[in-house]
file start_17.txt (compact mmCIF, C-alpha atoms and all ligand atoms)
# COMPACT_ATOMS: atom_id res chain seq x y z
CA MET X 29 0.00 0.00 0.00
CA ASN X 30 1.07 3.57 -0.64
CA ILE X 31 -1.34 6.04 0.91
CA PRO X 32 -0.59 9.76 0.55
CA LEU X 33 -1.74 12.35 3.06
CA SER X 34 -3.66 14.21 0.37
CA LYS X 35 -4.32 13.83 -3.34
CA MET X 36 -5.38 16.22 -6.09
CA TYR X 37 -8.27 15.52 -8.43
CA VAL X 38 -7.82 15.92 -12.18
CA ASP X 39 -10.27 14.67 -14.81
CA ASP X 40 -10.88 15.09 -18.54
CA LYS X 41 -13.18 18.07 -17.95
CA ILE X 42 -10.35 19.89 -16.18
CA ARG X 43 -7.87 18.93 -18.93
CA GLN X 44 -10.32 20.22 -21.54
CA VAL X 45 -10.98 23.51 -19.79
CA MET X 46 -7.22 24.09 -19.51
CA LEU X 47 -6.91 23.62 -23.28
CA ASP X 48 -9.88 25.95 -23.82
CA VAL X 49 -8.12 28.70 -21.86
CA LEU X 50 -4.87 28.13 -23.76
CA ASP X 51 -6.72 28.39 -27.06
CA SER X 52 -8.64 31.50 -25.97
CA GLY X 53 -5.46 33.61 -26.01
CA HIS X 54 -6.82 35.53 -23.00
CA TYR X 55 -4.96 34.75 -19.78
CA ILE X 56 -5.83 37.39 -17.16
CA LYS X 57 -8.86 39.42 -16.08
CA GLY X 58 -11.36 37.60 -18.30
CA GLN X 59 -14.61 35.67 -18.28
CA TYR X 60 -13.27 32.61 -16.43
CA LEU X 61 -12.27 34.71 -13.43
CA GLU X 62 -15.57 36.60 -13.49
CA ASP X 63 -17.54 33.34 -13.56
CA PHE X 64 -15.45 31.74 -10.80
CA GLU X 65 -15.84 34.79 -8.55
CA ARG X 66 -19.59 34.90 -9.10
CA GLU X 67 -20.02 31.19 -8.36
CA PHE X 68 -17.70 31.26 -5.34
CA ALA X 69 -19.62 34.23 -3.86
CA ARG X 70 -22.85 32.34 -4.48
CA PHE X 71 -21.40 29.23 -2.81
CA CYS X 72 -20.38 31.21 0.29
CA ASN X 73 -23.56 33.27 0.17
CA THR X 74 -21.67 36.57 0.13
CA GLY X 75 -22.21 39.64 -1.99
CA PHE X 76 -18.72 39.62 -3.46
CA ALA X 77 -15.71 37.40 -4.12
CA VAL X 78 -12.38 38.59 -5.48
CA GLY X 79 -9.96 36.07 -6.97
CA VAL X 80 -6.33 36.63 -6.00
CA SER X 81 -2.98 34.89 -6.35
CA SER X 82 -2.94 32.96 -3.00
CA GLY X 83 -4.45 32.72 0.46
CA THR X 84 -1.50 34.73 1.73
CA SER X 85 -2.22 37.58 -0.67
CA ALA X 86 -5.93 37.44 0.25
CA ILE X 87 -4.97 38.05 3.89
CA LEU X 88 -2.47 40.79 3.00
CA LEU X 89 -4.95 42.56 0.72
CA SER X 90 -7.73 42.31 3.35
CA LEU X 91 -5.50 43.98 5.93
CA MET X 92 -4.50 46.65 3.41
CA ALA X 93 -8.12 47.26 2.43
CA LEU X 94 -9.01 47.77 6.09
CA GLY X 95 -6.15 50.25 6.50
CA ILE X 96 -4.24 48.15 9.01
CA GLY X 97 -0.59 49.14 9.33
CA GLU X 98 2.24 50.51 11.47
CA GLY X 99 1.82 49.81 15.19
CA ASP X 100 -1.65 48.22 14.93
CA GLU X 101 -2.26 44.93 16.70
CA VAL X 102 -3.95 41.95 15.11
CA ILE X 103 -5.02 39.01 17.30
CA VAL X 104 -4.26 35.62 15.73
CA PRO X 105 -3.94 32.04 16.93
CA SER X 106 -0.38 30.75 17.14
CA HIS X 107 -1.42 27.24 16.15
CA THR X 108 -1.80 27.84 12.41
CA PHE X 109 0.19 28.28 9.21
CA ILE X 110 2.59 31.27 9.19
CA ALA X 111 0.54 33.13 6.55
CA THR X 112 -2.17 33.89 9.10
CA ALA X 113 0.28 36.28 10.77
CA SER X 114 3.05 37.18 8.31
CA PRO X 115 1.03 39.68 6.22
CA SER X 116 0.40 41.79 9.36
CA ILE X 117 4.13 41.86 10.05
CA PHE X 118 4.85 42.98 6.49
CA LEU X 119 2.47 45.91 6.97
CA GLY X 120 4.25 47.00 10.17
CA ALA X 121 1.47 45.72 12.41
CA ASN X 122 2.04 43.35 15.34
CA PRO X 123 0.37 39.97 15.55
CA VAL X 124 -0.69 39.18 19.11
CA TYR X 125 -0.74 35.42 19.63
CA ALA X 126 -3.65 33.73 21.38
CA ASP X 127 -4.04 30.18 22.67
CA ILE X 128 -6.54 27.68 21.28
CA ASP X 129 -9.66 25.99 22.52
CA PRO X 130 -8.58 22.53 23.75
CA GLU X 131 -11.40 20.73 21.90
CA THR X 132 -11.58 22.39 18.49
CA TYR X 133 -7.94 23.60 18.13
CA THR X 134 -9.32 26.98 16.99
CA ILE X 135 -8.66 30.33 18.68
CA ASP X 136 -10.10 30.55 22.20
CA PRO X 137 -12.51 33.52 22.38
CA ALA X 138 -11.65 34.10 26.07
CA GLU X 139 -8.02 34.50 25.01
CA ILE X 140 -9.04 37.11 22.42
CA GLU X 141 -10.69 39.18 25.14
CA ARG X 142 -7.59 38.95 27.32
CA LYS X 143 -5.31 40.10 24.47
CA ILE X 144 -7.26 43.19 23.39
CA SER X 145 -5.40 46.49 23.88
CA PRO X 146 -6.05 50.07 22.75
CA ARG X 147 -3.96 49.24 19.63
CA THR X 148 -5.97 46.19 18.57
CA LYS X 149 -7.57 46.68 15.17
CA ALA X 150 -8.53 43.22 13.99
CA ILE X 151 -8.95 39.55 14.83
CA ILE X 152 -8.04 36.77 12.39
CA PRO X 153 -9.81 33.60 13.56
CA VAL X 154 -8.65 30.50 11.64
CA HIS X 155 -11.13 27.73 10.86
CA LEU X 156 -8.39 25.20 11.46
CA TYR X 157 -8.46 21.77 9.81
CA GLY X 158 -11.96 22.58 8.45
CA HIS X 159 -13.75 23.25 11.76
CA THR X 160 -15.10 26.79 12.11
CA CYS X 161 -14.36 28.99 15.09
CA ASP X 162 -17.20 29.95 17.42
CA MET X 163 -17.95 33.03 15.34
CA ASP X 164 -20.95 34.49 17.20
CA ILE X 165 -18.83 34.93 20.32
CA ILE X 166 -15.89 36.31 18.30
CA ASN X 167 -18.11 38.73 16.35
CA ASN X 168 -19.69 39.96 19.58
CA ILE X 169 -16.25 40.66 21.08
CA ALA X 170 -15.26 42.45 17.87
CA LYS X 171 -18.42 44.54 17.90
CA GLU X 172 -18.00 45.52 21.51
CA HIS X 173 -14.42 46.68 20.93
CA GLY X 174 -14.82 48.09 17.40
CA LEU X 175 -12.54 45.49 15.76
CA TYR X 176 -12.54 44.02 12.26
CA VAL X 177 -12.86 40.27 11.80
CA ILE X 178 -10.97 38.62 8.94
CA GLU X 179 -11.80 34.92 8.69
CA ASP X 180 -8.85 32.78 7.70
CA ALA X 181 -10.93 30.22 5.84
CA CYS X 182 -7.95 28.80 3.96
CA GLN X 183 -8.71 25.34 5.37
CA ALA X 184 -12.50 25.56 5.42
CA HIS X 185 -14.05 25.66 1.94
CA GLY X 186 -17.67 24.68 2.46
CA ALA X 187 -17.52 24.43 6.26
CA ILE X 188 -20.64 25.58 8.07
CA TYR X 189 -21.15 27.53 11.29
CA LYS X 190 -24.74 27.23 12.49
CA ASP X 191 -26.47 27.61 9.13
CA ARG X 192 -23.89 29.85 7.47
CA ARG X 193 -20.91 29.05 5.31
CA ALA X 194 -17.34 29.85 6.27
CA GLY X 195 -16.53 32.91 4.21
CA SER X 196 -19.69 34.77 5.25
CA LEU X 197 -18.97 35.06 8.97
CA GLY X 198 -16.76 38.15 9.32
CA ASP X 199 -15.98 41.44 7.56
CA ILE X 200 -13.81 39.64 4.99
CA ALA X 201 -12.79 36.00 4.56
CA CYS X 202 -9.71 34.58 2.90
CA PHE X 203 -9.45 31.27 1.06
CA SER X 204 -6.46 29.40 -0.34
CA PHE X 205 -6.54 27.13 -3.39
CA TYR X 206 -3.11 25.63 -2.72
CA PRO X 207 -3.02 22.10 -4.20
CA ALA X 208 -3.75 20.09 -1.03
CA LYS X 209 -6.85 22.11 -0.05
CA ASN X 210 -10.47 20.87 -0.15
CA MET X 211 -10.57 22.49 -3.58
CA THR X 212 -7.63 23.78 -5.60
CA VAL X 213 -6.73 25.63 -8.77
CA LEU X 214 -3.87 23.13 -9.32
CA GLY X 215 -1.33 25.78 -8.46
CA ASP X 216 -1.46 28.82 -6.22
CA GLY X 217 -4.61 30.86 -5.90
CA GLY X 218 -6.90 32.48 -3.37
CA MET X 219 -10.17 34.32 -2.89
CA ALA X 220 -11.42 37.09 -0.62
CA THR X 221 -15.15 37.11 0.12
CA THR X 222 -17.17 39.91 1.71
CA ASP X 223 -20.60 41.51 1.80
CA ASN X 224 -19.05 44.96 1.78
CA GLU X 225 -18.86 46.33 -1.76
CA GLU X 226 -16.39 49.07 -0.86
CA LEU X 227 -13.98 46.51 0.60
CA ALA X 228 -14.39 44.23 -2.42
CA VAL X 229 -13.58 47.13 -4.77
CA ARG X 230 -10.51 48.08 -2.70
CA ILE X 231 -9.22 44.50 -2.61
CA ARG X 232 -9.71 44.17 -6.36
CA MET X 233 -7.86 47.42 -6.99
CA LEU X 234 -5.03 46.65 -4.58
CA ALA X 235 -4.52 43.27 -6.27
CA ASP X 236 -4.19 44.98 -9.65
CA HIS X 237 -1.78 47.87 -9.06
CA GLY X 238 -4.46 50.02 -7.43
CA ARG X 239 -5.91 50.96 -10.77
CA THR X 240 -9.32 51.87 -12.07
CA GLU X 241 -8.10 52.37 -15.64
CA LYS X 242 -5.09 50.88 -17.39
CA TYR X 243 -2.57 53.54 -16.35
CA LEU X 244 -4.45 55.40 -13.64
CA HIS X 245 -3.43 54.18 -10.17
CA ARG X 246 -5.71 55.58 -7.47
CA LEU X 247 -4.30 53.33 -4.73
CA LEU X 248 -0.80 52.01 -4.22
CA GLY X 249 -1.26 48.36 -5.12
CA LEU X 250 0.74 45.42 -6.41
CA ASN X 251 0.06 42.44 -8.66
CA PHE X 252 -1.80 39.66 -6.84
CA ARG X 253 -4.13 38.60 -9.67
CA LEU X 254 -5.55 35.11 -10.26
CA SER X 255 -4.97 33.85 -13.81
CA GLU X 256 -7.70 32.70 -16.18
CA LEU X 257 -6.20 29.21 -16.24
CA ASN X 258 -6.36 28.90 -12.45
CA ALA X 259 -9.85 30.43 -12.33
CA ALA X 260 -11.14 27.97 -14.94
CA ILE X 261 -9.76 25.02 -12.96
CA GLY X 262 -11.19 26.47 -9.73
CA MET X 263 -14.62 26.70 -11.33
CA GLU X 264 -14.51 23.00 -12.25
CA GLN X 265 -13.29 22.00 -8.79
CA LEU X 266 -15.99 24.07 -7.08
CA LYS X 267 -18.65 21.94 -8.77
CA HIS X 268 -17.35 18.91 -6.83
CA LEU X 269 -16.72 20.60 -3.49
CA ASP X 270 -19.92 19.63 -1.65
CA ALA X 271 -19.63 15.98 -2.72
CA TRP X 272 -15.93 15.90 -1.81
CA ASN X 273 -16.63 17.39 1.61
CA GLU X 274 -19.35 14.81 2.16
CA ARG X 275 -16.84 12.03 1.38
CA ARG X 276 -14.27 13.61 3.73
CA ARG X 277 -16.92 13.56 6.46
CA GLU X 278 -17.70 9.91 5.75
CA ILE X 279 -14.00 9.03 6.01
CA ALA X 280 -13.72 10.98 9.27
CA GLY X 281 -16.72 9.07 10.62
CA LYS X 282 -15.01 5.80 9.70
CA TYR X 283 -11.74 6.81 11.36
CA ASN X 284 -13.65 7.97 14.47
CA HIS X 285 -15.39 4.63 14.71
CA LEU X 286 -12.34 2.45 14.00
CA LEU X 287 -10.05 4.34 16.40
CA SER X 288 -12.58 4.97 19.16
CA ASP X 289 -11.25 2.42 21.68
CA LEU X 290 -7.55 3.28 21.27
CA GLU X 291 -5.49 5.51 23.53
CA LEU X 292 -5.59 8.55 21.29
CA ILE X 293 -7.84 11.54 20.77
CA THR X 294 -9.88 11.86 17.59
CA PRO X 295 -11.23 15.20 16.28
CA ILE X 296 -14.53 16.51 17.57
CA GLU X 297 -17.29 18.37 15.78
CA LYS X 298 -19.19 20.93 17.82
CA GLU X 299 -22.98 20.83 17.59
CA TRP X 300 -22.89 24.20 15.79
CA ALA X 301 -20.28 23.18 13.22
CA ARG X 302 -20.12 21.17 10.02
CA HIS X 303 -16.51 20.07 9.83
CA VAL X 304 -15.02 19.61 6.33
CA TYR X 305 -11.85 17.78 7.46
CA TYR X 306 -9.17 19.50 5.43
CA MET X 307 -7.04 17.55 7.87
CA TYR X 308 -7.98 14.66 10.14
CA VAL X 309 -5.79 15.24 13.17
CA ILE X 310 -5.41 12.90 16.14
CA ARG X 311 -3.47 13.47 19.34
CA VAL X 312 -1.31 10.63 20.59
CA LYS X 313 1.34 10.27 23.30
CA GLU X 314 4.01 8.49 21.23
CA ARG X 315 3.68 10.41 18.00
CA GLU X 316 7.12 9.82 16.50
CA GLY X 317 6.95 6.04 16.99
CA LEU X 318 3.49 5.84 15.44
CA ALA X 319 4.41 8.07 12.47
CA SER X 320 7.49 6.00 11.78
CA TYR X 321 5.54 2.71 12.00
CA LEU X 322 2.93 4.08 9.57
CA ARG X 323 5.70 5.21 7.20
CA GLN X 324 7.01 1.62 7.11
CA LYS X 325 3.50 0.50 6.21
CA GLY X 326 3.38 2.95 3.28
CA ILE X 327 1.14 5.46 5.04
CA GLN X 328 2.07 9.14 4.86
CA THR X 329 1.27 11.35 7.87
CA GLY X 330 1.89 15.03 8.60
CA ILE X 331 2.17 17.48 11.48
CA HIS X 332 0.09 20.62 11.18
CA TYR X 333 1.99 22.37 12.68
CA PRO X 334 5.12 21.31 14.59
CA VAL X 335 6.33 24.80 15.60
CA PRO X 336 3.72 27.35 16.70
CA LEU X 337 4.05 30.86 15.29
CA HIS X 338 5.15 32.43 18.57
CA ARG X 339 8.12 30.01 18.61
CA GLN X 340 9.19 30.57 14.98
CA PRO X 341 12.72 31.93 14.49
CA CYS X 342 11.42 34.84 12.40
CA VAL X 343 8.94 35.89 15.09
CA GLN X 344 10.03 37.64 18.26
CA SER X 345 7.56 36.70 20.97
CA ASP X 346 8.05 35.40 24.49
CA VAL X 347 4.36 34.76 25.09
CA HIS X 348 3.47 31.45 26.78
CA LEU X 349 0.52 29.54 25.29
CA PRO X 350 0.15 26.33 27.31
CA ILE X 351 -2.40 24.44 25.21
CA THR X 352 -0.74 25.23 21.89
CA GLU X 353 2.68 24.32 23.31
CA GLU X 354 1.43 21.01 24.68
CA TYR X 355 -0.56 19.99 21.61
CA VAL X 356 2.10 20.60 18.95
CA ASP X 357 4.14 17.67 20.29
CA HIS X 358 1.25 15.20 20.00
CA ILE X 359 -0.76 16.06 16.89
CA LEU X 360 -0.61 13.80 13.86
CA SER X 361 -2.50 14.25 10.57
CA LEU X 362 -3.73 11.04 8.95
CA PRO X 363 -4.37 10.55 5.22
CA MET X 364 -7.50 12.49 4.25
CA HIS X 365 -8.78 13.15 0.75
CA PRO X 366 -12.00 12.26 -1.07
CA GLN X 367 -10.32 9.63 -3.24
CA LEU X 368 -9.36 7.47 -0.22
CA THR X 369 -11.15 4.12 -0.42
CA ASP X 370 -12.84 2.41 2.54
CA THR X 371 -10.20 -0.34 2.29
CA GLU X 372 -7.42 2.26 2.61
CA VAL X 373 -9.11 3.89 5.62
CA GLU X 374 -9.45 0.46 7.25
CA TYR X 375 -5.79 -0.29 6.50
CA VAL X 376 -4.67 3.01 8.12
CA ALA X 377 -6.83 2.36 11.17
CA SER X 378 -5.70 -1.26 11.57
CA SER X 379 -2.05 -0.19 11.21
CA ILE X 380 -2.56 2.37 13.99
CA ARG X 381 -4.17 -0.34 16.10
CA GLU X 382 -1.22 -2.70 15.52
CA TYR X 383 1.20 -0.06 16.75
CA MET X 384 -0.91 1.10 19.69
CA GLU X 385 -1.43 -2.47 20.90
CA ASN X 386 2.24 -3.30 20.54
CA PRO X 387 4.39 -0.13 20.42
CA ALA X 388 7.59 -2.22 20.19
CA CYS X 389 6.57 -3.64 16.77
C1 LIG F 1 -4.54 28.60 7.74
C2 LIG F 1 -3.87 29.07 6.48
N1 LIG F 1 -3.71 30.38 6.29
C3 LIG F 1 -3.13 30.87 5.17
C4 LIG F 1 -2.67 30.03 4.19
C5 LIG F 1 -1.96 30.59 3.01
O1 LIG F 1 -2.49 30.21 1.79
P1 LIG F 1 -1.54 30.09 0.50
O2 LIG F 1 -0.65 28.92 0.67
O3 LIG F 1 -2.52 29.92 -0.63
O4 LIG F 1 -0.82 31.38 0.38
C6 LIG F 1 -2.84 28.65 4.34
C7 LIG F 1 -2.44 27.71 3.27
O5 LIG F 1 -1.51 27.04 3.22
C8 LIG F 1 -3.43 28.16 5.52
O6 LIG F 1 -3.59 26.83 5.72

call {"tool": "encode", "arguments": {"input": "start_17.txt", "output": "structure tokens"}}
result
Amino acid sequence: MNIPLSKMYVDDKIRQVMLDVLDSGHYIKGQYLEDFEREFARFCNTGFAVGVSSGTSAILLSLMALGIGEGDEVIVPSHTFIATASPSIFLGANPVYADIDPETYTIDPAEIERKISPRTKAIIPVHLYGHTCDMDIINNIAKEHGLYVIEDACQAHGAIYKDRRAGSLGDIACFSFYPAKNMTVLGDGGMATTDNEELAVRIRMLADHGRTEKYLHRLLGLNFRLSELNAAIGMEQLKHLDAWNERRREIAGKYNHLLSDLELITPIEKEWARHVYYMYVIRVKEREGLASYLRQKGIQTGIHYPVPLHRQPCVQSDVHLPITEEYVDHILSLPMHPQLTDTEVEYVASSIREYMENPAC
């Protein structure tokens, strides 16, 4: 067996649409992008969606559009990918790192309240692994303190909070279409969604040299555009997203069942959430031994993420975040993608069982 952690989907329809774009001779700012943005906004149930070059640029552009800069503070979880925080640093703002909720691994709202200062301008909650944050509580805190909320939905395409989609839960939301995500553009790409037309217009301008006409630059922007080729692929992938997420949930249910009596902790789904399992992450005491046993059995695993942001060499922070610091040594991501077969899921689970029942094997 050879079971990868994640796997991209490519079919003849995607191959054909790529050829169509090549033959069109039109590679940026065209109909494919317009269609993808319209359908993605419809999917998230937001007024607007702006296609951009990556999830990282979506976050950077959102901060820029909100006017966040020098000396401002932005509250972020530390247990996430670096791009949740790095755009703030590039703009001269300071990320303030918060600990996570011990059950969902997402930012702890009580921690947000503790970290608010007169300089705080925004909160970036991350819907980590595909489970949304508790957004009503976070939005209430933001409202009370006059803060912006930028959802980092880079791992949560199609996730639901109460009856609303990730992407429609804050002032702006940012998605990544990096190849391993729940949907991809088979390269780099991203999207910013919002109900605020003024913000959507600013993000669009900032991503395209701040212009309104070819050589008239009203804002100081850069080039963070999404290509027609990537948009066309994204459009095809979006059509499968609900079915893929359903399969991810089925696989998670299988893992939960097959691993339930072992000495490890499986992911939970809050009653108000619909998890889309970008990652299926367990916590286990002897992580390295288990990962190495699974490797021998042809099963790839991952660690998302081994070093929290406040402990990264490029970040200067001496904050202490006990739950994050404890969890990063025990988390292990198991293979999770819609193309996994039931037999493969059973093989992964039985291999984990073999190791857990006899760690010396
Ligand atoms: C939580 C989170 N934020 C931001 C990003 C950045 O997205 P991208 O890789 O498309 O720049 C990612 C993707 O890797 C992510 O997982």

call {"tool": "residues_near_ligand", "arguments": {"input": "start_17.txt", "ligand": "ligand LIG 1 (chain F)", "cutoff": "6 Å", "atoms": "all atoms listed in the file", "output": "number ranges by chain"}}
result
X: 82-84, 108-109, 111-112, 154, 180, 182-183, 204-206, 216-218

call {"tool": "residues_near_point", "arguments": {"input": "start_17.txt", "point": "(-3.1, 11.8, 16.4)", "cutoff": "8 Å", "atoms": "all atoms listed in the file", "output": "NGL selection string"}}
result
:X and (292-294 or 309-312 or 315 or 358-362)

call {"tool": "residues_around", "arguments": {"input": "start_17.txt", "residues": "X:Gly186", "least_positions_apart": "2", "cutoff": "7 Å", "atoms": "all atoms listed in the file", "output": "list of chain:residue names"}}
result
X:Ala184, X:Ile188, X:Arg193, X:Ala194, X:Asp270, X:Val304

call {"tool": "atom_distance", "arguments": {"input": "start_17.txt", "atom1": "atom CA of X:Ala220", "atom2": "atom CA of X:Phe68"}}
result
9.8 Å

call {"tool": "closest_residue", "arguments": {"input": "start_17.txt", "among": "X:Pro336, X:Arg276, X:Ile231, X:Ile103", "to": "X:Glu354", "atoms": "all atoms listed in the file"}}
result
X:Pro336

call {"tool": "atom_distance", "arguments": {"input": "start_17.txt", "atom1": "atom CA of X:Ile96", "atom2": "atom CA of X:Ile166"}}
result
19.0 Å

call {"tool": "atom_distance", "arguments": {"input": "start_17.txt", "atom1": "atom CA of X:Asp357", "atom2": "atom CA of X:Asn386"}}
result
21.1 Å

call {"tool": "closest_residue", "arguments": {"input": "start_17.txt", "among": "X:Leu234, X:Ile261, X:Ala69, X:Val347", "to": "X:Ser196", "atoms": "all atoms listed in the file"}}
result
X:Ala69

call {"tool": "residues_around", "arguments": {"input": "start_17.txt", "residues": "X:Leu254", "least_positions_apart": "6", "cutoff": "12 Å", "atoms": "all atoms listed in the file", "output": "PyMOL selection string"}}
result
chain X and resi 55-58+60-62+64-65+78-83+85-86+204-205+213+215-220+232+235-236+260-262

call {"tool": "closest_residue", "arguments": {"input": "start_17.txt", "among": "X:Ser379, X:Thr352, X:Gln59, X:Asn210", "to": "X:Ala271", "atoms": "only C-alpha atoms"}}
result
X:Asn210

call {"tool": "residues_around", "arguments": {"input": "start_17.txt", "residues": "X:Ile117", "least_positions_apart": "2", "cutoff": "10 Å", "atoms": "only C-alpha atoms", "output": "list in words"}}
result
Leu88, Gly97, Glu98, Gly99, Asp100, Glu101, Val102, Ala113, Ser114, Pro115, Leu119, Gly120, Ala121, Asn122, Pro123 and Val343 of chain X

call {"tool": "residues_around", "arguments": {"input": "start_17.txt", "residues": "X:Asp162", "least_positions_apart": "2", "cutoff": "8 Å", "atoms": "only C-alpha atoms", "output": "number ranges by chain"}}
result
X: 137, 160, 164-166, 189

call {"tool": "closest_residue", "arguments": {"input": "start_17.txt", "among": "X:Asp289, X:Glu297, X:Glu264, X:Glu278", "to": "X:Glu67", "atoms": "all atoms listed in the file"}}
result
X:Glu264

call {"tool": "build_atoms", "arguments": {"input": "start_17.txt", "residues": "stretch 179-200 of chain X", "atoms": "N, CA and C atoms", "output": "mmCIF file, in the coordinates of the input"}}
result
data_model
loop_
_atom_site.group_PDB
_atom_site.id
_atom_site.type_symbol
_atom_site.label_atom_id
_atom_site.label_comp_id
_atom_site.auth_asym_id
_atom_site.auth_seq_id
_atom_site.Cartn_x
_atom_site.Cartn_y
_atom_site.Cartn_z
ATOM 1 N N GLU X 179 -11.840 36.390 8.555
ATOM 2 C CA GLU X 179 -11.800 34.920 8.690
ATOM 3 C C GLU X 179 -10.635 34.383 7.872
ATOM 4 N N ASP X 180 -9.801 33.568 8.485
ATOM 5 C CA ASP X 180 -8.850 32.780 7.700
ATOM 6 C C ASP X 180 -9.553 31.455 7.426
ATOM 7 N N ALA X 181 -10.158 31.402 6.236
ATOM 8 C CA ALA X 181 -10.930 30.220 5.840
ATOM 9 C C ALA X 181 -10.137 29.360 4.861
ATOM 10 N N CYS X 182 -8.814 29.504 4.919
ATOM 11 C CA CYS X 182 -7.950 28.800 3.960
ATOM 12 C C CYS X 182 -8.053 27.285 4.068
ATOM 13 N N GLN X 183 -8.581 26.783 5.196
ATOM 14 C CA GLN X 183 -8.710 25.340 5.370
ATOM 15 C C GLN X 183 -10.189 24.939 5.499
ATOM 16 N N ALA X 184 -11.095 25.795 5.058
ATOM 17 C CA ALA X 184 -12.500 25.560 5.420
ATOM 18 C C ALA X 184 -13.492 25.816 4.298
ATOM 19 N N HIS X 185 -13.126 25.486 3.070
ATOM 20 C CA HIS X 185 -14.050 25.660 1.940
ATOM 21 C C HIS X 185 -15.287 24.797 2.155
ATOM 22 N N GLY X 186 -16.422 25.436 2.318
ATOM 23 C CA GLY X 186 -17.670 24.680 2.460
ATOM 24 C C GLY X 186 -18.044 24.353 3.901
ATOM 25 N N ALA X 187 -17.177 24.679 4.855
ATOM 26 C CA ALA X 187 -17.520 24.430 6.260
ATOM 27 C C ALA X 187 -18.702 25.310 6.659
ATOM 28 N N ILE X 188 -19.450 24.828 7.651
ATOM 29 C CA ILE X 188 -20.640 25.580 8.070
ATOM 30 C C ILE X 188 -20.594 25.884 9.557
ATOM 31 N N TYR X 189 -20.981 27.116 9.894
ATOM 32 C CA TYR X 189 -21.150 27.530 11.290
ATOM 33 C C TYR X 189 -22.620 27.852 11.458
ATOM 34 N N LYS X 190 -23.274 27.124 12.381
ATOM 35 C CA LYS X 190 -24.740 27.230 12.490
ATOM 36 C C LYS X 190 -25.291 26.995 11.089
ATOM 37 N N ASP X 191 -26.027 27.958 10.487
ATOM 38 C CA ASP X 191 -26.470 27.610 9.130
ATOM 39 C C ASP X 191 -25.764 28.452 8.073
ATOM 40 N N ARG X 192 -24.590 28.980 8.433
ATOM 41 C CA ARG X 192 -23.890 29.850 7.470
ATOM 42 C C ARG X 192 -22.547 29.266 7.065
ATOM 43 N N ARG X 193 -22.168 29.549 5.834
ATOM 44 C CA ARG X 193 -20.910 29.050 5.310
ATOM 45 C C ARG X 193 -19.723 29.842 5.854
ATOM 46 N N ALA X 194 -18.610 29.154 6.061
ATOM 47 C CA ALA X 194 -17.340 29.850 6.270
ATOM 48 C C ALA X 194 -17.153 30.753 5.061
ATOM 49 N N GLY X 195 -16.681 31.949 5.314
ATOM 50 C CA GLY X 195 -16.530 32.910 4.210
ATOM 51 C C GLY X 195 -17.556 34.015 4.319
ATOM 52 N N SER X 196 -18.631 33.753 5.123
ATOM 53 C CA SER X 196 -19.690 34.770 5.250
ATOM 54 C C SER X 196 -19.843 35.183 6.705
ATOM 55 N N LEU X 197 -18.809 34.935 7.516
ATOM 56 C CA LEU X 197 -18.970 35.060 8.970
ATOM 57 C C LEU X 197 -18.235 36.245 9.583
ATOM 58 N N GLY X 198 -17.490 36.997 8.780
ATOM 59 C CA GLY X 198 -16.760 38.150 9.320
ATOM 60 C C GLY X 198 -16.869 39.319 8.371
ATOM 61 N N ASP X 199 -15.957 40.303 8.498
ATOM 62 C CA ASP X 199 -15.980 41.440 7.560
ATOM 63 C C ASP X 199 -15.459 41.004 6.190
ATOM 64 N N ILE X 200 -14.402 40.200 6.224
ATOM 65 C CA ILE X 200 -13.810 39.640 4.990
ATOM 66 C C ILE X 200 -13.382 38.215 5.339
#
